[in-house]
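Participant: Input file: work32.cif. Contents: mmCIF, C-alpha atoms.
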data_final
#
loop_
_atom_site.label_atom_id
_atom_site.label_comp_id
_atom_site.auth_asym_id
_atom_site.auth_seq_id
_atom_site.Cartn_x
_atom_site.Cartn_y
_atom_site.Cartn_z
CA MET G 149 -24.32 -30.69 12.06
CA ASN G 150 -21.46 -28.21 12.02
CA PRO G 151 -21.66 -26.55 8.55
CA TYR G 152 -17.91 -25.97 8.64
CA GLN G 153 -17.00 -29.61 9.33
CA PRO G 154 -16.20 -30.41 5.66
CA THR G 155 -13.76 -27.49 5.62
CA ILE G 156 -12.25 -28.59 8.93
CA ASP G 157 -11.86 -32.14 7.63
CA ARG G 158 -10.26 -30.90 4.42
CA LEU G 159 -7.77 -28.74 6.31
CA LYS G 160 -6.91 -31.56 8.71
CA SER G 161 -6.32 -33.90 5.78
CA GLN G 162 -3.67 -31.41 4.65
CA GLY G 163 -2.03 -31.52 8.09
CA ILE G 164 -3.50 -28.18 9.19
CA HIS G 165 -4.07 -27.90 12.93
CA SER G 166 -4.22 -24.10 13.40
CA VAL G 167 -5.35 -20.96 11.63
CA LEU G 168 -3.40 -17.70 11.67
CA THR G 169 -6.25 -15.18 11.90
CA GLN G 170 -4.77 -11.98 10.46
CA PHE G 171 -6.15 -8.45 10.42
CA CYS G 172 -4.60 -5.09 9.59
CA ASP G 173 -4.05 -2.24 12.04
CA MET G 174 -4.35 1.42 11.06
CA HIS G 175 -0.64 1.59 10.18
CA GLY G 176 -1.16 -1.18 7.63
CA VAL G 177 0.72 -3.74 9.73
CA ALA G 178 -0.49 -7.34 9.86
CA LYS G 179 -1.59 -8.51 13.32
CA GLY G 180 -3.32 -11.65 14.54
CA LYS G 181 -3.14 -14.87 16.53
CA LEU G 182 -3.11 -18.63 16.11
CA VAL G 183 -6.38 -20.47 16.83
CA PRO G 184 -7.31 -24.17 16.55
CA VAL G 185 -8.91 -25.24 13.30
CA ASP G 186 -11.50 -27.34 15.19
CA ASN G 187 -13.26 -24.17 16.34
CA LEU G 188 -13.69 -22.79 12.82
CA LYS G 189 -17.39 -22.05 13.35
CA GLU G 190 -16.54 -19.66 16.18
CA TRP G 191 -13.84 -17.89 14.20
CA VAL G 192 -16.15 -17.35 11.23
CA GLU G 193 -19.36 -16.39 13.03
CA GLN G 194 -18.07 -14.59 16.14
CA GLY G 195 -14.42 -13.99 15.37
CA ALA G 196 -11.12 -14.34 17.15
CA GLY G 197 -11.05 -11.91 20.06
CA PHE G 198 -8.45 -9.21 20.72
CA ALA G 199 -8.23 -6.37 23.26
CA GLY G 200 -9.44 -3.43 21.15
CA PRO G 201 -7.36 -0.62 22.69
CA SER G 202 -4.20 -2.71 22.16
CA ILE G 203 -4.58 -2.26 18.39
CA TRP G 204 -3.52 0.96 16.67
CA GLY G 205 -6.44 3.07 15.48
CA THR G 206 -9.50 1.09 16.56
CA GLY G 207 -10.83 3.88 18.77
CA LEU G 208 -12.30 1.23 21.06
CA PRO G 209 -12.68 1.82 24.84
CA ARG G 210 -10.92 -0.10 27.60
CA TYR G 211 -14.14 -1.55 29.00
CA GLY G 212 -17.64 -2.57 27.95
CA ALA G 213 -19.11 -4.61 25.12
CA ARG G 214 -17.22 -2.66 22.47
CA SER G 215 -13.82 -2.98 24.10
CA GLU G 216 -13.22 -6.30 22.36
CA TYR G 217 -12.08 -6.41 18.73
CA TYR G 218 -13.30 -9.50 16.89
CA GLY G 219 -11.59 -10.57 13.70
CA ARG G 220 -14.10 -12.63 11.72
CA LEU G 221 -12.36 -15.14 9.51
CA GLN G 222 -13.12 -14.96 5.78
CA LEU G 223 -13.48 -18.56 4.61
CA ASP G 224 -12.51 -17.88 1.00
CA SER G 225 -9.11 -16.57 2.14
CA LEU G 226 -8.02 -19.79 3.88
CA ARG G 227 -4.77 -21.18 2.50
CA ALA G 228 -1.89 -23.21 3.90
CA LEU G 229 1.26 -21.25 4.73
CA PRO G 230 4.33 -22.92 3.20
CA PHE G 231 6.60 -21.29 5.79
CA MET G 232 4.46 -22.37 8.80
CA PRO G 233 3.81 -26.12 8.55
CA GLY G 234 0.43 -27.10 9.99
CA VAL G 235 -0.91 -23.53 9.79
CA ALA G 236 -3.42 -21.97 7.39
CA HIS G 237 -3.65 -18.21 6.88
CA ALA G 238 -6.99 -16.38 6.87
CA VAL G 239 -7.90 -12.72 6.46
CA CYS G 240 -10.27 -11.21 9.04
CA ASP G 241 -12.79 -8.37 9.04
CA GLY G 242 -13.03 -6.23 12.19
CA PHE G 243 -16.15 -6.24 14.35
CA ALA G 244 -17.02 -4.77 17.76
CA GLY G 245 -20.25 -5.15 19.71
CA GLY G 246 -21.55 -7.44 16.97
CA GLU G 247 -21.29 -4.73 14.30
CA ALA G 248 -18.83 -4.03 11.53
CA LEU G 249 -16.11 -1.77 12.94
CA ASP G 250 -15.98 1.52 11.04
CA THR G 251 -12.32 2.06 11.95
CA CYS G 252 -11.32 -1.28 10.40
CA SER G 253 -9.61 -0.41 7.13
CA ARG G 254 -10.77 -3.61 5.41
CA GLN G 255 -14.38 -2.92 6.37
CA MET G 256 -13.90 0.64 5.16
CA LEU G 257 -12.69 -0.55 1.76
CA ARG G 258 -15.66 -2.91 1.55
CA SER G 259 -17.97 0.06 2.18
CA VAL G 260 -16.38 2.24 -0.53
CA LEU G 261 -16.40 -0.66 -3.00
CA LYS G 262 -20.14 -1.10 -2.46
CA THR G 263 -20.72 2.28 -4.10
CA ILE G 264 -19.47 0.90 -7.42
CA GLU G 265 -20.74 -2.64 -6.94
CA ASP G 266 -24.24 -1.16 -6.79
CA ARG G 267 -23.61 0.08 -10.35
CA GLY G 268 -22.42 -3.34 -11.47
CA TRP G 269 -18.82 -2.10 -11.65
CA THR G 270 -15.67 -3.86 -10.47
CA LEU G 271 -12.43 -2.10 -9.56
CA TRP G 272 -9.30 -3.98 -10.61
CA VAL G 273 -5.98 -3.10 -9.01
CA GLY G 274 -2.50 -4.18 -10.02
CA ILE G 275 -0.03 -3.47 -7.21
CA GLU G 276 3.70 -3.06 -7.86
CA PRO G 277 5.65 -3.68 -4.63
CA GLU G 278 9.09 -2.09 -4.41
CA PHE G 279 11.20 -2.77 -1.31
CA PHE G 280 14.69 -2.75 0.15
CA LEU G 281 16.70 -5.60 1.64
CA LEU G 282 18.54 -4.17 4.64
CA GLN G 283 20.52 -5.24 7.69
CA LYS G 284 22.07 -3.57 10.70
CA GLY G 285 25.77 -2.97 10.37
CA GLN G 286 28.41 -1.96 12.90
CA GLY G 287 27.14 0.46 15.49
CA GLY G 288 23.54 -0.56 14.80
CA HIS G 289 23.28 1.58 11.66
CA TRP G 290 20.99 0.34 8.89
CA GLN G 291 22.65 -0.51 5.60
CA VAL G 292 21.98 -2.39 2.37
CA ALA G 293 22.19 -6.11 3.17
CA ASP G 294 24.18 -6.93 0.03
CA THR G 295 27.36 -4.94 0.68
CA GLN G 296 28.54 -5.59 -2.90
CA ASP G 297 25.46 -3.86 -4.30
CA GLN G 298 27.18 -0.54 -5.06
CA LEU G 299 26.63 0.33 -8.73
CA ASP G 300 26.05 3.99 -9.56
CA LYS G 301 23.13 2.96 -11.77
CA PRO G 302 21.92 -0.38 -10.36
CA SER G 303 18.65 -0.88 -12.25
CA TYR G 304 18.32 -4.43 -13.62
CA ASP G 305 21.68 -5.46 -12.12
CA LEU G 306 22.03 -9.20 -12.77
CA LYS G 307 25.06 -9.64 -10.51
CA ALA G 308 22.94 -8.62 -7.53
CA ILE G 309 20.21 -11.01 -8.72
CA HIS G 310 22.77 -13.82 -8.77
CA ARG G 311 24.14 -12.97 -5.32
CA ASN G 312 20.64 -12.94 -3.84
CA ALA G 313 19.32 -15.92 -5.81
CA GLY G 314 18.48 -17.78 -2.58
CA PHE G 315 16.09 -15.09 -1.38
CA ILE G 316 14.61 -14.61 -4.84
CA GLU G 317 14.02 -18.32 -5.42
CA ASP G 318 12.43 -18.75 -1.98
CA MET G 319 10.13 -15.81 -2.74
CA ARG G 320 9.25 -17.20 -6.17
CA SER G 321 8.53 -20.68 -4.84
CA THR G 322 6.55 -19.55 -1.79
CA LEU G 323 4.47 -16.94 -3.60
CA THR G 324 3.65 -19.44 -6.32
CA GLN G 325 2.48 -21.95 -3.71
CA LEU G 326 0.29 -19.20 -2.23
CA GLY G 327 -1.43 -18.64 -5.58
CA PHE G 328 0.41 -15.56 -6.84
CA GLU G 329 0.75 -15.38 -10.63
CA LEU G 330 4.21 -13.84 -10.88
CA GLN G 331 5.08 -11.55 -13.79
CA GLN G 332 8.61 -10.29 -13.13
CA ILE G 333 11.35 -9.86 -10.51
CA ASP G 334 14.02 -7.22 -10.96
CA HIS G 335 16.60 -5.08 -9.23
CA GLU G 336 15.34 -1.53 -8.98
CA ASP G 337 17.08 1.85 -9.28
CA ALA G 338 18.59 1.96 -5.77
CA CYS G 339 21.21 -0.30 -4.25
CA GLY G 340 19.48 -3.04 -2.26
CA GLN G 341 16.10 -2.32 -3.88
CA TYR G 342 13.92 -4.88 -5.67
CA GLU G 343 10.50 -5.14 -7.26
CA ILE G 344 8.31 -8.23 -7.60
CA ASN G 345 5.25 -7.93 -9.83
CA TYR G 346 2.28 -10.25 -9.92
CA LYS G 347 -1.10 -10.32 -11.63
CA PHE G 348 -3.82 -7.79 -10.79
CA ASP G 349 -7.01 -8.71 -8.93
CA ASP G 350 -10.26 -7.16 -7.77
CA ALA G 351 -9.58 -4.40 -5.26
CA LEU G 352 -10.30 -6.26 -2.01
CA ALA G 353 -8.42 -9.38 -3.11
CA ALA G 354 -5.52 -7.22 -4.31
CA ALA G 355 -5.24 -5.58 -0.89
CA ASP G 356 -5.42 -8.95 0.87
CA ARG G 357 -2.79 -10.35 -1.49
CA TYR G 358 -0.41 -7.47 -0.81
CA MET G 359 -0.69 -8.07 2.94
CA LEU G 360 0.16 -11.74 2.35
CA PHE G 361 3.05 -10.69 0.09
CA LYS G 362 4.52 -8.56 2.89
CA MET G 363 4.11 -11.31 5.47
CA THR G 364 5.89 -13.75 3.15
CA ALA G 365 8.70 -11.32 2.34
CA HIS G 366 9.37 -10.60 6.03
CA VAL G 367 9.70 -14.31 6.77
CA ILE G 368 11.86 -15.14 3.74
CA ALA G 369 14.17 -12.15 4.24
CA GLU G 370 14.72 -13.06 7.89
CA LYS G 371 15.54 -16.62 6.84
CA HIS G 372 18.33 -15.19 4.68
CA GLY G 373 19.66 -12.87 7.40
CA MET G 374 18.09 -9.73 5.95
CA VAL G 375 15.24 -7.33 6.70
CA PHE G 376 12.45 -6.74 4.18
CA SER G 377 11.88 -2.99 4.41
CA CYS G 378 8.83 -1.01 3.31
CA MET G 379 10.48 2.22 4.41
CA PRO G 380 9.85 4.58 1.48
CA LYS G 381 13.34 6.12 1.37
CA PRO G 382 16.03 4.53 3.54
CA LEU G 383 18.92 5.91 1.44
CA ALA G 384 19.20 9.70 1.22
CA THR G 385 20.91 9.82 -2.19
CA ALA G 386 18.93 7.06 -3.93
CA PRO G 387 15.38 6.78 -5.26
CA GLY G 388 12.73 5.60 -2.83
CA SER G 389 10.19 2.80 -3.06
CA GLY G 390 6.74 3.28 -4.52
CA LEU G 391 3.66 1.08 -4.39
CA HIS G 392 2.06 2.05 -7.68
CA PHE G 393 -1.59 1.15 -8.30
CA HIS G 394 -2.66 0.21 -11.84
CA LEU G 395 -6.38 0.94 -11.88
CA SER G 396 -9.21 -0.10 -14.18
CA ILE G 397 -12.96 -0.51 -13.77
CA THR G 398 -15.19 -2.89 -15.71
CA ASP G 399 -18.95 -2.65 -15.98
CA ALA G 400 -21.47 -5.47 -15.61
CA ASP G 401 -20.68 -6.64 -19.14
CA GLY G 402 -16.93 -6.73 -18.48
CA LYS G 403 -16.25 -3.60 -20.54
CA ALA G 404 -13.35 -1.44 -19.35
CA ILE G 405 -14.96 1.95 -18.72
CA PHE G 406 -11.69 3.92 -18.70
CA THR G 407 -10.64 2.74 -22.15
CA ASP G 408 -11.32 4.50 -25.45
CA PRO G 409 -8.78 3.83 -28.24
CA ASP G 410 -9.97 6.99 -30.02
CA GLY G 411 -9.91 9.16 -26.92
CA ALA G 412 -7.10 11.45 -25.77
CA LEU G 413 -4.39 9.35 -24.06
CA GLY G 414 -6.47 6.28 -24.89
CA LEU G 415 -8.94 7.16 -22.13
CA SER G 416 -12.71 7.57 -22.18
CA LEU G 417 -14.44 10.61 -20.73
CA GLN G 418 -14.94 8.69 -17.47
CA GLY G 419 -11.24 7.81 -17.43
CA HIS G 420 -10.30 11.47 -17.67
CA GLN G 421 -12.84 12.37 -14.99
CA PHE G 422 -11.45 9.69 -12.67
CA ALA G 423 -7.95 11.10 -13.19
CA ALA G 424 -9.30 14.59 -12.49
CA GLY G 425 -10.73 13.37 -9.18
CA LEU G 426 -7.35 11.94 -8.19
CA LEU G 427 -5.61 15.23 -8.98
CA HIS G 428 -8.30 17.30 -7.24
CA HIS G 429 -7.99 15.31 -4.01
CA ALA G 430 -4.26 14.55 -4.33
CA ASP G 431 -3.18 16.61 -1.31
CA ALA G 432 -5.57 14.77 1.01
CA LEU G 433 -4.77 11.44 -0.61
CA SER G 434 -1.11 12.03 0.18
CA ALA G 435 -1.86 11.41 3.86
CA LEU G 436 -3.45 8.02 3.10
CA CYS G 437 -1.05 6.96 0.35
CA ALA G 438 2.19 8.38 1.78
CA PRO G 439 1.50 8.24 5.53
CA THR G 440 4.91 8.55 7.20
CA VAL G 441 7.43 11.29 7.86
CA ASN G 442 9.87 9.42 5.64
CA SER G 443 7.35 9.28 2.77
CA TYR G 444 8.08 12.92 1.97
CA LYS G 445 11.79 12.23 1.59
CA ARG G 446 10.70 10.08 -1.36
CA LEU G 447 8.24 12.73 -2.59
CA ALA G 448 10.99 15.30 -3.10
CA SER G 449 12.26 16.75 -6.37
CA SER G 450 15.86 15.85 -5.62
CA ASN G 451 18.49 14.19 -7.77
CA SER G 452 19.61 10.63 -7.07
CA ALA G 453 23.00 8.98 -7.26
CA SER G 454 21.88 7.03 -10.33
CA GLY G 455 20.97 10.23 -12.15
CA THR G 456 17.32 9.15 -12.35
CA THR G 457 14.35 9.79 -10.12
CA TRP G 458 10.78 8.68 -10.67
CA SER G 459 9.36 10.61 -7.74
CA PRO G 460 5.82 11.83 -8.64
CA VAL G 461 6.12 15.29 -7.13
CA TRP G 462 3.73 17.30 -9.30
CA LYS G 463 -0.03 17.08 -9.68
CA ALA G 464 -0.12 16.30 -13.38
CA TYR G 465 -1.09 13.49 -15.71
CA GLY G 466 0.27 12.29 -19.01
CA ASP G 467 0.59 9.39 -21.42
CA ASN G 468 3.30 6.97 -20.20
CA ASN G 469 4.84 9.89 -18.32
CA ARG G 470 6.52 8.66 -15.14
CA THR G 471 7.27 12.20 -13.96
CA CYS G 472 3.52 12.74 -13.35
CA VAL G 473 1.60 11.48 -10.34
CA VAL G 474 -1.04 10.07 -12.73
CA ARG G 475 0.34 8.06 -15.64
CA THR G 476 -1.97 6.75 -18.32
CA VAL G 477 -0.93 3.54 -20.04
CA ALA G 478 -2.81 1.04 -22.23
CA GLY G 479 -6.20 2.54 -21.41
CA ARG G 480 -5.76 2.30 -17.67
CA ILE G 481 -4.59 4.66 -14.94
CA GLU G 482 -1.41 4.26 -12.92
CA TRP G 483 -1.60 6.09 -9.59
CA ARG G 484 2.03 6.67 -8.61
CA LEU G 485 1.53 8.42 -5.25
CA PRO G 486 1.30 5.41 -2.85
CA ASP G 487 4.38 4.03 -1.13
CA PRO G 488 4.78 0.68 0.67
CA SER G 489 4.38 2.19 4.15
CA CYS G 490 0.68 2.81 3.47
CA ASN G 491 -2.29 0.91 4.81
CA VAL G 492 -3.16 -0.60 1.44
CA TYR G 493 -6.88 -0.90 2.23
CA ALA G 494 -7.10 2.77 3.18
CA ALA G 495 -5.00 3.87 0.21
CA ILE G 496 -7.21 1.98 -2.27
CA ALA G 497 -10.39 3.22 -0.56
CA GLY G 498 -9.23 6.84 -0.73
CA THR G 499 -8.09 6.47 -4.32
CA LEU G 500 -11.43 5.01 -5.41
CA ALA G 501 -13.45 7.60 -3.50
CA ALA G 502 -11.50 10.45 -5.10
CA GLY G 503 -11.76 9.01 -8.61
CA LEU G 504 -15.48 8.39 -8.25
CA ALA G 505 -15.95 11.99 -7.12
CA GLY G 506 -14.30 13.03 -10.36
CA ILE G 507 -16.80 10.96 -12.37
CA GLU G 508 -19.88 11.94 -10.37
CA GLN G 509 -19.03 15.65 -10.45
CA GLY G 510 -17.88 15.64 -14.07
CA MET G 511 -14.45 17.03 -13.19
CA ALA G 512 -12.11 18.00 -16.01
CA PRO G 513 -8.38 17.39 -15.54
CA PRO G 514 -5.73 19.91 -16.56
CA PRO G 515 -4.18 19.55 -20.02
CA PRO G 516 -2.07 16.39 -20.30
CA CYS G 517 1.65 16.76 -19.69
CA HIS G 518 3.79 15.87 -22.71
CA GLU G 519 7.23 16.62 -21.28
CA ASP G 520 9.68 15.54 -18.59
CA LEU G 521 8.68 17.64 -15.59
CA TYR G 522 12.18 17.47 -14.12
CA GLU G 523 13.64 18.90 -17.33
CA ARG G 524 10.89 21.51 -17.37
CA ARG G 525 11.76 22.59 -13.85
CA ALA G 526 15.48 22.74 -14.71
CA ALA G 527 14.63 25.05 -17.61
CA GLY G 528 12.90 27.43 -15.20
CA ALA G 529 9.44 26.99 -16.74
CA ASP G 530 6.19 27.28 -14.82
CA MET G 531 5.34 24.06 -13.02
CA PRO G 532 2.10 22.32 -12.04
CA ALA G 533 1.16 22.51 -8.36
CA ARG G 534 3.19 20.09 -6.27
CA LEU G 535 2.13 17.61 -3.65
CA PRO G 536 2.50 18.34 0.09
CA ARG G 537 6.10 18.64 1.23
CA ASN G 538 5.68 16.87 4.56
CA LEU G 539 3.32 14.72 6.60
CA ASP G 540 1.92 17.72 8.48
CA GLU G 541 0.78 19.40 5.25
CA ALA G 542 -0.74 16.16 4.00
CA VAL G 543 -2.65 15.45 7.21
CA SER G 544 -3.95 19.03 7.27
CA ALA G 545 -5.12 18.60 3.67
CA LEU G 546 -6.96 15.40 4.59
CA GLU G 547 -8.59 17.05 7.58
CA ALA G 548 -9.75 19.95 5.38
CA ASP G 549 -11.11 17.66 2.65
CA ILE G 550 -14.43 16.96 4.34
CA SER G 551 -16.07 15.39 1.30
CA LEU G 552 -13.25 12.86 0.85
CA CYS G 553 -13.20 11.99 4.56
CA GLN G 554 -16.94 11.33 4.46
CA ALA G 555 -16.66 9.25 1.30
CA VAL G 556 -13.80 7.18 2.72
CA GLY G 557 -15.12 6.90 6.27
CA ALA G 558 -15.32 9.73 8.79
CA ALA G 559 -14.56 7.55 11.83
CA PHE G 560 -11.47 6.01 10.24
CA CYS G 561 -10.18 9.38 9.03
CA ALA G 562 -10.66 10.96 12.47
CA GLU G 563 -8.59 8.21 14.14
CA PHE G 564 -6.02 8.33 11.35
CA ILE G 565 -5.59 12.11 11.59
CA GLN G 566 -5.16 11.93 15.37
CA LEU G 567 -2.58 9.15 15.05
CA LYS G 568 -0.59 10.90 12.33
CA ARG G 569 -0.58 14.25 14.13
CA ALA G 570 0.98 12.49 17.12
CA GLU G 571 3.57 10.92 14.79
CA TRP G 572 4.45 14.32 13.34
CA ASP G 573 4.72 15.88 16.82
CA ASP G 574 6.98 13.04 17.96
CA PHE G 575 9.22 13.53 14.92
CA ASN G 576 9.57 17.23 15.66
CA LEU G 577 10.82 16.48 19.17
CA GLN G 578 13.77 14.46 17.82
CA VAL G 579 17.27 15.81 17.27
CA SER G 580 18.85 14.26 14.18
CA ASP G 581 22.49 13.58 13.32
CA TRP G 582 22.15 16.15 10.52
CA GLU G 583 21.23 18.86 13.05
CA LEU G 584 24.14 17.97 15.28
CA ARG G 585 26.60 18.03 12.38
CA ARG G 586 25.29 21.37 11.15
CA TYR G 587 24.66 23.28 14.35
CA ALA G 588 26.54 21.80 17.33
CA ASP G 589 29.67 23.96 16.88
CA ALA G 590 28.47 26.40 14.23
CA PHE G 591 27.63 29.53 16.20
#
Output the file's structure in the form of structure tokens.

Facilitator:
Amino acid sequence: MNPYQPTIDRLKSQGIHSVLTQFCDMHGVAKGKLVPVDNLKEWVEQGAGFAGPSIWGTGLPRYGARSEYYGRLQLDSLRALPFMPGVAHAVCDGFAGGEALDTCSRQMLRSVLKTIEDRGWTLWVGIEPEFFLLQKGQGGHWQVADTQDQLDKPSYDLKAIHRNAGFIEDMRSTLTQLGFELQQIDHEDACGQYEINYKFDDALAAADRYMLFKMTAHVIAEKHGMVFSCMPKPLATAPGSGLHFHLSITDADGKAIFTDPDGALGLSLQGHQFAAGLLHHADALSALCAPTVNSYKRLASSNSASGTTWSPVWKAYGDNNRTCVVRTVAGRIEWRLPDPSCNVYAAIAGTLAAGLAGIEQGMAPPPPCHEDLYERRAAGADMPARLPRNLDEAVSALEADISLCQAVGAAFCAEFIQLKRAEWDDFNLQVSDWELRRYADAF
């Protein structure tokens, strides 16, 4: 008897005829295909097949047994897609030649998580997605989709919420049907920018959920004539979008190991050591958490039109201090470096590996920061070391951080570094409008 027949029958009773088998490429983009639900056994045990070299970052050859990428469906991720009637969504793990693929970012996160699961620990991650709603205007130039969204200080603008109530309600309804426990929806600090928060989850589920969030947002935005954008900084004079991670670890008894009400900043010794690991490896983590050329337009100590910037430029940590890259709050750690262009599996894997190194090596962080670092810089005071200024610096830092690459996954990091060096080289071959305006008739 087919052991998956009860699941097949259940799905068919819900009107499901196909499964969208979805995996994640090295850029963090969802990919996949539709397969018939009747063949569920094949999709779980062998996987849906894809041409390996056609996927960014697999490192697979064009021929032989390992040229095929197999996405093995994870049964516990199956859920009906409200925006695709008759279709259920399922997350896949990457395999090649019958073995777990070490360049698959989800497999890589699984591997890093095993190092704490062996201790009886669980990593919990709350992800805060910020994003822009854009459209192409006259001449093909990108612009904010809501052309009336023009306030100098647009945070929490209710008029924009009202104008975009259709998109917001569709997101609320669809995410709720998909099992998201929503916490808040607000207009952020840039025109056209929003944030939707939902409940935290264990690390792997949190990464899977964010991928499903992005897929949903792309579909709903398109329905409303807009583009859901994870570009970190599409507007030069406005704040960019972050993808902050709220991190906590519980032990086998459910005790939060970072929390100590009597400790400095409300953190235990292990909490401080985890933060120290993040700061120690922050340059290398920048490549994984802020992986595009545009990411470093967000990670710049510039002013914004609203008069406020939350850009975490400096390698510092402090209690409820949003000017630091590590913010401590309520006995947990907020890692403010990631942006929504990251591969969320790789970013979480790198973050955990760095924090664990801090605990295992007994690292001590610098003194906590008790001031606004932007005001401190304006006063001409000495500043903490800053993060890399561009993608090239970040990728070089990752390449040089051998211990982090090994802890995260050497094969993945090697492919990632090669891919991002090519991206940087391609960027440097472009001639921008800024260059033409500045130099075309200047000399």

Participant: Apply the PyMOL selection byres ((chain G and resi 281) around 8) to the displayed file and report the matching residues as a ChimeraX atom specification.

Facilitator: /G:279-280,282-283,292-294,340-342,369,374-377

Participant: Excluding same-chain residues fewer than 2 positions from Pro233 (chain G), what lies within 12 Å of it counting all atoms listed in the file, as a list of chain:residue names?

Facilitator: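 The contact residues come out as G:Gln162, G:Gly163, G:Ile164, G:His165, G:Ser166, G:Val167, G:Leu168, G:Arg227, G:Ala228, G:Leu229, G:Pro230, G:Phe231, G:Val235, G:Ala236, G:His237.
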
Participant: Find the residues near region 243-258 of chain G: any atom within 6 Å, counting only C-alpha atoms, skip ones fewer than 4 places away on the same chain, and give them as a ChimeraX atom specification.

Facilitator: /G:206,213-214,217-218,493-494,497,559-560

Participant: Go through G:Leu326, G:Val492, G:Ile405, G:Leu391 one by one, measure the shortest atom-to-atom distance of each to Ala354 (chain G) using all atoms listed in the file, and give the residue with the smallest value.

Facilitator: G:Val492

Participant: Determine the nearest neighbour of Gly498 (chain G) from the options G:Ala448, G:Val273, G:Ala435, G:Ala526, counting only C-alpha atoms.

Facilitator: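 Under the stated criterion, the closest residue is G:Ala435.
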